[in-house]
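**Q** Structure file final_35.cif (mmCIF, C-alpha atoms) right here:
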data_model
#
loop_
_atom_site.label_atom_id
_atom_site.label_comp_id
_atom_site.auth_asym_id
_atom_site.auth_seq_id
_atom_site.Cartn_x
_atom_site.Cartn_y
_atom_site.Cartn_z
CA MET V 1 80.79 94.58 111.91
CA ALA V 2 78.61 91.82 110.53
CA ASN V 3 76.32 88.94 111.38
CA LEU V 4 77.51 85.39 110.73
CA ASN V 5 75.34 82.41 109.81
CA ILE V 6 76.60 78.82 109.56
CA LYS V 7 74.19 76.39 107.90
CA ASN V 8 74.39 72.58 108.16
CA LEU V 9 78.17 72.68 107.88
CA HIS V 10 80.04 69.42 107.35
CA LYS V 11 83.79 68.92 107.14
CA SER V 12 85.36 65.58 106.29
CA TYR V 13 88.85 64.39 105.47
CA GLY V 14 88.49 61.65 102.91
CA SER V 15 85.58 59.27 103.27
CA SER V 16 86.24 58.10 106.81
CA VAL V 17 87.07 61.11 109.02
CA ASP V 18 84.13 63.37 109.79
CA VAL V 19 85.29 66.37 111.84
CA LEU V 20 82.21 68.62 111.73
CA LYS V 21 78.77 67.07 111.53
CA GLY V 22 75.93 69.38 110.57
CA ILE V 23 76.79 72.57 112.48
CA ASP V 24 74.07 75.25 112.57
CA LEU V 25 75.07 78.50 114.26
CA ASP V 26 74.47 82.21 113.99
CA ILE V 27 75.89 85.26 115.72
CA GLU V 28 74.38 88.72 115.59
CA ASP V 29 76.11 91.89 114.45
CA GLY V 30 78.50 92.88 117.24
CA GLY V 31 78.11 89.58 119.10
CA PHE V 32 80.85 87.58 120.81
CA LEU V 33 80.55 83.87 119.96
CA VAL V 34 82.80 81.48 121.89
CA LEU V 35 83.36 77.97 120.55
CA VAL V 36 84.21 75.68 123.45
CA GLY V 37 84.76 71.98 123.94
CA PRO V 38 87.44 69.37 124.71
CA SER V 39 90.47 68.81 122.52
CA GLY V 40 89.56 67.27 119.18
CA CYS V 41 85.91 68.38 119.24
CA GLY V 42 86.24 70.39 116.00
CA LYS V 43 86.20 73.96 117.31
CA SER V 44 89.47 75.06 115.65
CA THR V 45 88.45 73.36 112.41
CA LEU V 46 85.18 75.29 112.48
CA LEU V 47 87.08 78.54 112.99
CA ASN V 48 89.39 77.67 110.09
CA THR V 49 86.42 77.07 107.77
CA ILE V 50 85.11 80.55 108.62
CA ALA V 51 88.56 82.00 107.88
CA GLY V 52 88.83 80.05 104.62
CA LEU V 53 91.89 78.11 105.77
CA GLU V 54 89.87 74.89 105.45
CA GLU V 55 87.41 74.08 102.69
CA ILE V 56 83.99 72.86 103.78
CA THR V 57 82.60 69.55 102.54
CA SER V 58 78.97 70.72 102.47
CA GLY V 59 76.74 73.38 103.95
CA ASP V 60 77.31 77.13 103.82
CA ILE V 61 78.76 80.10 105.68
CA ASP V 62 77.16 83.54 105.24
CA ILE V 63 78.34 86.97 106.31
CA ASP V 64 75.59 89.60 106.14
CA GLY V 65 73.49 87.21 104.07
CA LYS V 66 76.18 86.60 101.43
CA SER V 67 77.89 83.22 101.08
CA ILE V 68 81.67 83.26 101.57
CA SER V 69 82.17 79.51 101.18
CA GLY V 70 83.93 79.78 97.82
CA LEU V 71 85.93 82.92 98.59
CA HIS V 72 89.69 83.05 99.07
CA PRO V 73 90.66 83.95 102.68
CA SER V 74 91.92 87.37 101.54
CA LYS V 75 88.47 88.21 100.12
CA ARG V 76 86.44 87.41 103.25
CA ASP V 77 87.19 90.63 105.20
CA ILE V 78 88.14 88.62 108.29
CA ALA V 79 91.08 89.13 110.66
CA MET V 80 92.52 86.27 112.71
CA VAL V 81 94.55 86.25 115.92
CA PHE V 82 96.49 83.01 116.33
CA GLN V 83 97.55 81.09 119.42
CA SER V 84 101.20 81.43 118.34
CA TYR V 85 100.92 85.22 117.71
CA ALA V 86 102.55 84.71 114.25
CA LEU V 87 104.60 87.92 114.39
CA TYR V 88 107.48 88.68 112.02
CA PRO V 89 110.60 88.44 114.23
CA ASN V 90 112.71 90.79 112.07
CA MET V 91 110.13 93.62 112.10
CA THR V 92 109.40 96.19 114.77
CA VAL V 93 106.05 96.24 116.52
CA ALA V 94 104.94 99.19 114.38
CA LYS V 95 105.95 97.35 111.21
CA ASN V 96 104.19 94.15 112.33
CA ILE V 97 100.99 96.08 112.95
CA SER V 98 101.03 97.98 109.66
CA PHE V 99 102.58 95.39 107.31
CA GLY V 100 99.24 94.16 105.99
CA MET V 101 98.15 97.72 105.26
CA GLU V 102 101.42 98.37 103.46
CA ILE V 103 100.90 95.28 101.29
CA ARG V 104 97.45 96.58 100.36
CA GLY V 105 98.97 99.88 99.23
CA ILE V 106 97.60 102.10 101.99
CA ASP V 107 99.51 105.37 102.29
CA GLN V 108 101.99 106.11 105.08
CA GLU V 109 99.90 108.81 106.75
CA THR V 110 96.88 106.49 107.08
CA ARG V 111 99.10 103.68 108.37
CA ASP V 112 100.67 105.93 110.99
CA ALA V 113 97.26 107.09 112.19
CA ALA V 114 96.03 103.50 112.45
CA ILE V 115 99.16 102.42 114.35
CA LYS V 116 98.73 105.25 116.84
CA GLU V 117 95.03 104.48 117.35
CA VAL V 118 95.51 100.78 118.13
CA ALA V 119 98.68 101.41 120.14
CA ASP V 120 96.75 103.81 122.37
CA MET V 121 93.83 101.39 122.61
CA LEU V 122 96.06 98.44 123.59
CA GLN V 123 98.54 100.52 125.62
CA ILE V 124 101.57 99.44 123.59
CA GLY V 125 102.74 102.88 122.43
CA GLU V 126 106.12 102.51 124.14
CA LEU V 127 106.73 99.17 122.38
CA LEU V 128 106.42 100.33 118.76
CA ASP V 129 110.18 100.40 118.10
CA ARG V 130 110.87 97.02 119.70
CA LYS V 131 111.00 93.63 117.98
CA PRO V 132 108.95 90.59 119.08
CA GLY V 133 111.95 88.93 120.73
CA GLN V 134 112.11 91.84 123.19
CA LEU V 135 108.47 91.44 124.30
CA SER V 136 106.71 89.37 126.94
CA GLY V 137 103.97 86.91 125.98
CA GLY V 138 101.24 89.36 126.95
CA GLN V 139 102.86 92.15 124.94
CA ARG V 140 103.17 89.91 121.88
CA GLN V 141 99.50 89.03 122.17
CA ARG V 142 98.58 92.72 122.25
CA VAL V 143 100.66 93.31 119.11
CA ALA V 144 98.92 90.39 117.37
CA MET V 145 95.56 91.91 118.34
CA GLY V 146 96.71 95.33 117.11
CA ARG V 147 97.65 93.88 113.73
CA ALA V 148 94.13 92.48 113.41
CA LEU V 149 92.45 95.68 114.65
CA VAL V 150 94.06 98.00 112.06
CA ARG V 151 92.37 96.02 109.32
CA ASP V 152 88.91 97.00 110.63
CA PRO V 153 87.41 93.73 109.32
CA LYS V 154 83.81 92.58 109.45
CA ILE V 155 84.66 89.70 111.82
CA PHE V 156 87.54 88.93 114.19
CA LEU V 157 88.58 85.31 114.75
CA PHE V 158 90.58 84.34 117.85
CA ASP V 159 92.14 80.86 118.02
CA GLU V 160 92.96 80.15 121.69
CA PRO V 161 94.85 83.45 121.98
CA LEU V 162 95.55 83.18 125.72
CA SER V 163 96.63 79.56 126.00
CA ASN V 164 100.37 80.38 126.02
CA LEU V 165 100.08 82.88 128.89
CA ASP V 166 100.45 82.25 132.61
CA ALA V 167 97.33 82.16 134.81
CA LYS V 168 97.39 85.78 136.04
CA LEU V 169 98.19 87.21 132.61
CA ARG V 170 95.36 85.16 131.12
CA VAL V 171 92.91 86.85 133.49
CA ASP V 172 94.34 90.30 132.68
CA MET V 173 94.20 89.73 128.92
CA ARG V 174 90.70 88.28 129.18
CA THR V 175 89.61 91.55 130.75
CA GLU V 176 91.35 93.52 127.98
CA ILE V 177 89.57 91.52 125.26
CA LYS V 178 86.22 92.02 127.03
CA ARG V 179 86.87 95.76 127.32
CA LEU V 180 87.95 95.92 123.68
CA HIS V 181 84.74 94.24 122.54
CA GLN V 182 82.59 96.54 124.64
CA ARG V 183 84.34 99.59 123.20
CA MET V 184 84.42 98.56 119.54
CA LYS V 185 81.20 96.48 119.30
CA THR V 186 82.97 94.17 116.87
CA THR V 187 81.73 90.73 115.84
CA ILE V 188 84.06 88.11 117.32
CA VAL V 189 84.33 84.32 117.04
CA TYR V 190 86.64 82.99 119.73
CA VAL V 191 87.93 79.44 120.27
CA THR V 192 88.96 78.16 123.70
CA HIS V 193 89.02 74.93 125.71
CA ASP V 194 88.68 76.99 128.90
CA GLN V 195 85.01 77.09 129.92
CA ILE V 196 85.60 79.93 132.43
CA GLU V 197 86.97 82.00 129.53
CA ALA V 198 83.85 81.14 127.56
CA LEU V 199 81.44 82.11 130.34
CA THR V 200 83.33 85.34 131.01
CA LEU V 201 83.69 86.65 127.45
CA ALA V 202 80.75 85.40 125.41
CA THR V 203 77.42 86.86 124.49
CA LYS V 204 76.78 83.41 123.00
CA ILE V 205 78.46 80.06 123.64
CA ALA V 206 78.52 77.03 121.35
CA VAL V 207 79.54 73.76 123.03
CA LEU V 208 80.97 71.10 120.71
CA LYS V 209 81.78 67.46 121.24
CA ASP V 210 83.01 64.94 118.64
CA GLY V 211 82.08 67.30 115.82
CA TYR V 212 78.48 67.80 116.95
CA LEU V 213 77.00 70.99 118.33
CA GLN V 214 75.71 70.04 121.78
CA GLN V 215 74.10 73.37 122.66
CA SER V 216 74.28 77.07 121.83
CA GLY V 217 72.91 79.94 123.86
CA SER V 218 73.77 82.73 126.27
CA PRO V 219 76.23 81.97 129.09
CA ALA V 220 73.30 81.92 131.56
CA GLU V 221 71.37 79.43 129.40
CA ILE V 222 74.37 77.15 128.97
CA TYR V 223 75.16 77.23 132.70
CA ASN V 224 71.67 77.06 134.19
CA GLU V 225 69.83 75.05 131.54
CA PRO V 226 72.33 72.60 130.04
CA ALA V 227 70.86 70.56 127.19
CA ASN V 228 72.50 67.34 128.29
CA MET V 229 74.84 65.80 130.84
CA PHE V 230 77.95 66.57 128.79
CA VAL V 231 77.24 70.31 128.79
CA ALA V 232 76.30 70.18 132.50
CA ASP V 233 79.57 68.45 133.34
CA PHE V 234 81.81 70.46 131.00
CA MET V 235 80.62 73.97 131.86
CA GLY V 236 81.34 75.27 135.34
CA SER V 237 84.20 74.92 137.81
CA PRO V 238 83.61 72.81 139.81
CA SER V 239 81.20 71.13 137.42
CA MET V 240 77.61 70.20 138.15
CA ASN V 241 77.07 67.28 140.53
CA LEU V 242 75.30 64.50 138.60
CA ILE V 243 73.68 62.04 141.00
CA GLU V 244 71.51 58.96 140.37
CA ALA V 245 68.09 59.25 142.04
CA ALA V 246 64.91 57.15 142.11
CA VAL V 247 61.57 58.86 141.39
CA SER V 248 58.50 57.88 143.39
CA LYS V 249 55.11 59.21 144.47
CA SER V 250 54.21 60.39 147.96
CA ASP V 251 51.18 62.05 149.54
CA LYS V 252 52.77 65.43 148.80
CA GLY V 253 53.67 64.70 145.18
CA LEU V 254 56.71 63.34 143.39
CA GLN V 255 59.93 62.82 145.30
CA LEU V 256 63.48 61.64 144.66
CA THR V 257 65.47 59.20 146.76
CA ILE V 258 69.26 59.47 146.82
CA GLY V 259 71.72 57.23 148.65
CA SER V 260 74.08 58.95 151.11
CA ALA V 261 77.46 58.21 152.70
CA LYS V 262 75.80 57.27 155.97
CA GLY V 263 74.20 54.22 154.36
CA ASP V 264 70.69 55.64 154.58
CA THR V 265 68.81 57.70 152.00
CA ILE V 266 68.04 61.36 151.39
CA ILE V 267 64.53 62.09 150.16
CA LEU V 268 63.91 65.35 148.32
CA PRO V 269 60.71 66.74 146.81
CA ALA V 270 60.75 67.23 143.07
CA LYS V 271 61.47 70.72 141.76
CA LYS V 272 58.33 72.80 141.29
CA GLY V 273 57.00 72.56 137.75
CA ALA V 274 59.23 69.62 136.82
CA ASP V 275 57.24 66.92 135.05
CA LEU V 276 58.80 63.63 136.10
CA SER V 277 55.59 61.60 135.93
CA ALA V 278 56.97 59.40 133.14
CA TYR V 279 59.88 58.43 135.40
CA VAL V 280 57.93 57.21 138.45
CA GLY V 281 59.49 53.90 139.50
CA LYS V 282 62.57 54.67 137.40
CA LYS V 283 65.92 56.41 137.85
CA VAL V 284 66.87 59.90 136.74
CA ILE V 285 70.10 61.85 137.04
CA PHE V 286 69.73 64.64 139.58
CA GLY V 287 71.95 67.61 138.66
CA ILE V 288 72.85 70.34 141.14
CA ARG V 289 75.57 73.00 140.94
CA PRO V 290 77.96 73.25 143.92
CA GLU V 291 76.68 76.73 144.79
CA ALA V 292 73.13 75.34 145.03
CA LEU V 293 74.35 72.81 147.60
CA THR V 294 75.62 74.88 150.50
CA ASP V 295 75.46 75.62 154.22
CA PRO V 296 72.00 76.78 155.40
CA ASP V 297 73.19 80.31 156.22
CA GLY V 298 74.68 80.66 152.76
CA ALA V 299 71.58 79.46 150.86
CA ASP V 300 69.76 81.78 148.42
CA ARG V 301 67.27 83.73 150.53
CA ASN V 302 65.21 84.53 147.41
CA SER V 303 64.45 80.86 146.72
CA ASP V 304 61.35 79.24 148.19
CA GLU V 305 62.67 75.75 147.42
CA ILE V 306 65.45 75.38 149.99
CA VAL V 307 65.47 71.97 151.65
CA GLU V 308 67.95 70.99 154.38
CA ARG V 309 69.26 67.47 154.80
CA ASP V 310 71.97 65.83 156.94
CA CYS V 311 75.08 64.88 154.96
CA LYS V 312 78.36 63.33 156.10
CA ILE V 313 81.35 65.43 155.05
CA ASP V 314 84.34 63.49 153.76
CA VAL V 315 86.75 66.28 152.78
CA VAL V 316 86.89 70.03 153.48
CA GLU V 317 88.83 72.25 151.07
CA PRO V 318 89.25 75.93 152.11
CA ALA V 319 89.65 78.10 148.98
CA GLY V 320 89.86 81.65 150.26
CA SER V 321 86.53 83.22 149.36
CA ASP V 322 84.76 79.82 149.50
CA THR V 323 85.01 76.52 151.29
CA PHE V 324 84.37 73.36 149.29
CA ALA V 325 83.05 70.24 150.99
CA VAL V 326 82.91 66.74 149.51
CA THR V 327 80.08 64.39 150.45
CA MET V 328 78.90 61.10 148.95
CA LEU V 329 75.50 61.26 147.25
CA GLY V 330 74.13 58.46 145.11
CA GLY V 331 77.45 56.65 145.33
CA LYS V 332 79.38 59.60 143.85
CA GLU V 333 81.53 62.34 145.30
CA SER V 334 79.51 65.54 145.28
CA ILE V 335 80.90 69.02 145.89
CA ALA V 336 79.16 71.68 147.98
CA ARG V 337 80.26 75.32 147.86
CA LEU V 338 79.99 76.93 151.29
CA ARG V 339 80.78 80.32 152.78
CA ALA V 340 84.45 80.80 153.67
CA ASP V 341 83.63 80.92 157.39
CA ALA V 342 81.13 78.06 157.41
CA GLU V 343 81.64 75.82 160.42
CA ILE V 344 82.23 72.39 158.97
CA GLN V 345 84.53 69.49 159.74
CA ALA V 346 85.59 66.41 157.79
CA GLY V 347 84.15 63.21 159.19
CA LYS V 348 81.19 64.96 160.79
CA THR V 349 77.55 65.03 159.70
CA THR V 350 76.14 68.48 159.04
CA LYS V 351 73.09 70.03 157.44
CA LEU V 352 73.43 71.10 153.81
CA ALA V 353 70.87 73.22 151.99
CA PHE V 354 69.62 71.98 148.60
CA ASN V 355 68.28 74.78 146.39
CA LEU V 356 65.80 72.75 144.35
CA SER V 357 64.90 75.72 142.13
CA LYS V 358 68.37 75.36 140.56
CA VAL V 359 68.17 71.59 139.99
CA CYS V 360 68.21 69.90 136.57
CA TYR V 361 67.00 66.37 135.77
CA PHE V 362 68.50 64.21 133.03
CA ASP V 363 67.47 60.96 131.38
CA PRO V 364 70.16 58.37 132.30
CA ASP V 365 69.88 56.64 128.91
CA THR V 366 69.74 59.57 126.47
CA THR V 367 71.63 61.96 128.82
CA SER V 368 69.26 64.76 127.66
CA ARG V 369 67.77 67.17 130.15
CA ILE V 370 64.21 66.33 131.19
CA ALA V 371 63.45 69.43 133.25
#
The structure given in the file should be rewritten as structure tokens.
**A**
Amino acid sequence: MANLNIKNLHKSYGSSVDVLKGIDLDIEDGGFLVLVGPSGCGKSTLLNTIAGLEEITSGDIDIDGKSISGLHPSKRDIAMVFQSYALYPNMTVAKNISFGMEIRGIDQETRDAAIKEVADMLQIGELLDRKPGQLSGGQRQRVAMGRALVRDPKIFLFDEPLSNLDAKLRVDMRTEIKRLHQRMKTTIVYVTHDQIEALTLATKIAVLKDGYLQQSGSPAEIYNEPANMFVADFMGSPSMNLIEAAVSKSDKGLQLTIGSAKGDTIILPAKKGADLSAYVGKKVIFGIRPEALTDPDGADRNSDEIVERDCKIDVVEPAGSDTFAVTMLGGKESIARLRADAEIQAGKTTKLAFNLSKVCYFDPDTTSRIA
């Protein structure tokens, strides 16, 4: 296990293509860092620079306080699990798992003990004599993980390891990886484009866009306190509703005015403690998660900032454990997450509860969070 520190890392191809632009990140010993972002944001390139598969242009990467930037990949004490599994098709599972140890001259008895340990851990003992072509996608992924585990490296790197699996198997393997991390307390850096995967697995999430680090923090910080509108929109499913609102003063303090589907306006008090005084007479972006916009009976009973307003429902989408309702707020479709048995009908006006304690405000020009 080890801590990892990335300092002002830049990666360019030639003089015109900047892929990573001043990345600063750290992960504690035994932490689980997930790099997440849309395709082309630089997350896989960042992982490859940690592995040594890509040279950095400037900056530094430290493991346990020692720079590894100039080291060959084989000298970094890092194990990587690839999206494609990268198994040797002509070798048995046991041989695939132990091949790296054999190359390093580790004796047969030690190799056999290591194979048995990881096979038991990953529940692939009955597969050891098979070849990759005889395995399912999930089984191949377990073998790829086993090959990394026998190395007992300082850091594990995972490059979208579940992207080739079907939806149910992805959930199952996600649980296995979470369980594995809890048991072994290993330091992991994990790349995915799936933000649910990120929220589920990580102790720390780093959100990237266009080569820039948008925000890093715990899953709760990323979800509840997004640094900007991109993070608010990218993290969460469904994503945060981002609605234009006008700030004004009233006898009771600051308030926000939002247009509704009925043609009139919804007026909401400002969130307690939110300093929007600089925006009086101006517009802000009002951000609210679908679960904070719900039916009155389903609202958070622990919040003292629940406000009910009439909203016209355009679409109702039953989803088993929840019901989603679409209403127009500020000229945009906004999604409310209601109880499964909430009485609601499309085309009708109904009361929705706004949990203002969960609201975020963003500057419409800079897109940064105000409060």
**Q** For this structure, which residues satisfy the selection - the PyMOL selection byres ((chain V and resi 284-292) around 6) - when it is evaluated on the file as given? I want them as a ChimeraX atom specification.
**A** /V:240-245,283,293,335-337,355,359-364
**Q** Could you work out how far atom CA of Asn96 of chain V lies from atom CA of Asp129 of chain V, giving the answer in Å with one decimal?
**A** 10.4 Å
**Q** Restricting the calculation to all atoms listed in the file, which member of V:Val231, V:Ala202, V:Lys249, V:Leu20 is positioned closest to Ser218 of chain V?
**A** V:Ala202
**Q** Within 8 Å of Val191 of chain V, counting only C-alpha atoms, which residues show up once you throw out same-chain ones fewer than 4 positions away? Write them as a list in words, please.
**A**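 Once the nearby chain positions are removed, what remains is Val34, Leu35, Val36, Lys43, Ser44, Leu47, Phe158, Asp159 and Glu160 of chain V.
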**Q** Would you mind listing what lies within 10 Å of Gln139 of chain V as number ranges by chain, with all atoms listed in the file counted and same-chain residues fewer than 3 positions away left out?
**A** V: 93, 122-124, 127, 132, 134-136, 142-145, 173
**Q** Show me, as a PyMOL selection string, the residues that have an atom within 12 Å of Glu117 of chain V when counting only C-alpha atoms, minus same-chain residues fewer than 2 positions from it.
**A** chain V and resi 94+97-98+110-115+119-125+146-147+149-152
**Q** Can you find the residues with an atom no farther than 12 Å from (69.6, 77.2, 130.6), counting only C-alpha atoms, and report them as a list in words?
**A**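 Residues satisfying the cut-off, written out: Ile205, Gln215, Ser216, Gly217, Ser218, Pro219, Ala220, Glu221, Ile222, Tyr223, Asn224, Glu225, Pro226, Ala227, Asn228, Val231, Ala232, Met235, Lys358, Val359, Cys360, Arg369 and Ala371 of chain V.
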**Q** Select, from V:Gln108, V:Ser277, V:Thr323, V:Asn5, the residue with the minimum atom-to-atom distance to Arg339 of chain V, counting all atoms listed in the file.
**A**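 Closest residue, counting all atoms listed in the file: V:Thr323.
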**Q** Restricting the calculation to all atoms listed in the file, which member of V:Gln182, V:Ser39, V:Ser260, V:Ser67 is positioned closest to Asp194 of chain V?
**A**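 The shortest atom-to-atom distance to Asp194 of chain V comes from V:Ser39.
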**Q** Evaluate the PyMOL selection byres ((chain V and resi 2) around 9) here and jot the selected residues down as a list in words.
**A**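 So the PyMOL selection byres ((chain V and resi 2) around 9), applied here, picks out Met1, Asn3, Leu4, Ile27, Glu28, Asp29, Gly30, Gly31, Ile63, Asp64, Lys154, Ile155, Thr186 and Thr187 of chain V.
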**Q** Which one is closest to Ile177 of chain V: V:Pro73, V:Leu25, V:Phe32, V:Arg140? Count all atoms listed in the file.
**A**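 Between V:Pro73, V:Leu25, V:Phe32, V:Arg140, the residue approaching Ile177 of chain V most closely is V:Phe32.
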**Q** For a quick check of understanding, using only C-alpha atoms, which of V:Lys332, V:Gly133, V:Lys75, V:Asp365 has the smallest distance to Asn90 of chain V?
**A**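 Ranking V:Lys332, V:Gly133, V:Lys75, V:Asp365 by distance to Asn90 of chain V, first place goes to V:Gly133.
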**Q** Counting all atoms listed in the file, which of V:Leu338, V:Gln214, V:Ala325, V:Leu201 gets nearest to Ser368 of chain V?
**A**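 The closest residue to Ser368 of chain V is V:Gln214.
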**Q** Using Å and a single decimal, report how far atom CA of Lys21 of chain V sits from atom CA of Cys41 of chain V.
**A**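 According to the coordinates, atom CA of Cys41 of chain V and atom CA of Lys21 of chain V are separated by 10.6 Å.
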**Q** Under the PyMOL selection byres ((chain V and resi 345) around 12), which residues of this model are included? Write them out as a PyMOL selection string.
**A** chain V and resi 311-318+323-327+341-344+346-351
**Q** Taking (94.9, 81.9, 126.7) as a centre in this file's frame and 10 Å as the limit, can you find every polymer residue with an atom that close, using only C-alpha atoms, and give them as a list in words?
**A**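 The residues near that point, listed by chain and number, are Gln83, Gly138, Gln141, Asp159, Glu160, Pro161, Leu162, Ser163, Asn164, Leu165, Asp166, Ala167, Leu169, Arg170, Val171, Met173, Arg174, Val191, Thr192, His193, Asp194 and Glu197 of chain V.
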**Q** Now that the selection is made, can you save its residues with C-alpha atoms as a tab-separated table (two decimals), keeping the file's coordinate frame?
**A**
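Output saved as result.tsv:
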chain	number	residue	atom	x	y	z
V	83	GLN	CA	97.55	81.09	119.42
V	138	GLY	CA	101.24	89.36	126.95
V	141	GLN	CA	99.50	89.03	122.17
V	159	ASP	CA	92.14	80.86	118.02
V	160	GLU	CA	92.96	80.15	121.69
V	161	PRO	CA	94.85	83.45	121.98
V	162	LEU	CA	95.55	83.18	125.72
V	163	SER	CA	96.63	79.56	126.00
V	164	ASN	CA	100.37	80.38	126.02
V	165	LEU	CA	100.08	82.88	128.89
V	166	ASP	CA	100.45	82.25	132.61
V	167	ALA	CA	97.33	82.16	134.81
V	169	LEU	CA	98.19	87.21	132.61
V	170	ARG	CA	95.36	85.16	131.12
V	171	VAL	CA	92.91	86.85	133.49
V	173	MET	CA	94.20	89.73	128.92
V	174	ARG	CA	90.70	88.28	129.18
V	191	VAL	CA	87.93	79.44	120.27
V	192	THR	CA	88.96	78.16	123.70
V	193	HIS	CA	89.02	74.93	125.71
V	194	ASP	CA	88.68	76.99	128.90
V	197	GLU	CA	86.97	82.00	129.53
**Q** Using Å and a single decimal, report how far atom CA of Glu308 of chain V sits from atom CA of Glu333 of chain V.
**A**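 Atom-to-atom, atom CA of Glu333 of chain V and atom CA of Glu308 of chain V are spaced 18.5 Å apart.
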**Q** Kindly list the centre and edge lengths in Å, rounded to one decimal, for the axis-aligned box that covers all listed atoms of segment 221-237 of chain V plus 6 Å on each of its six sides, as AutoDock Vina command-line options.
**A**
--center_x 77.0 --center_y 72.6 --center_z 132.5 --size_x 26.4 --size_y 25.6 --size_z 22.6
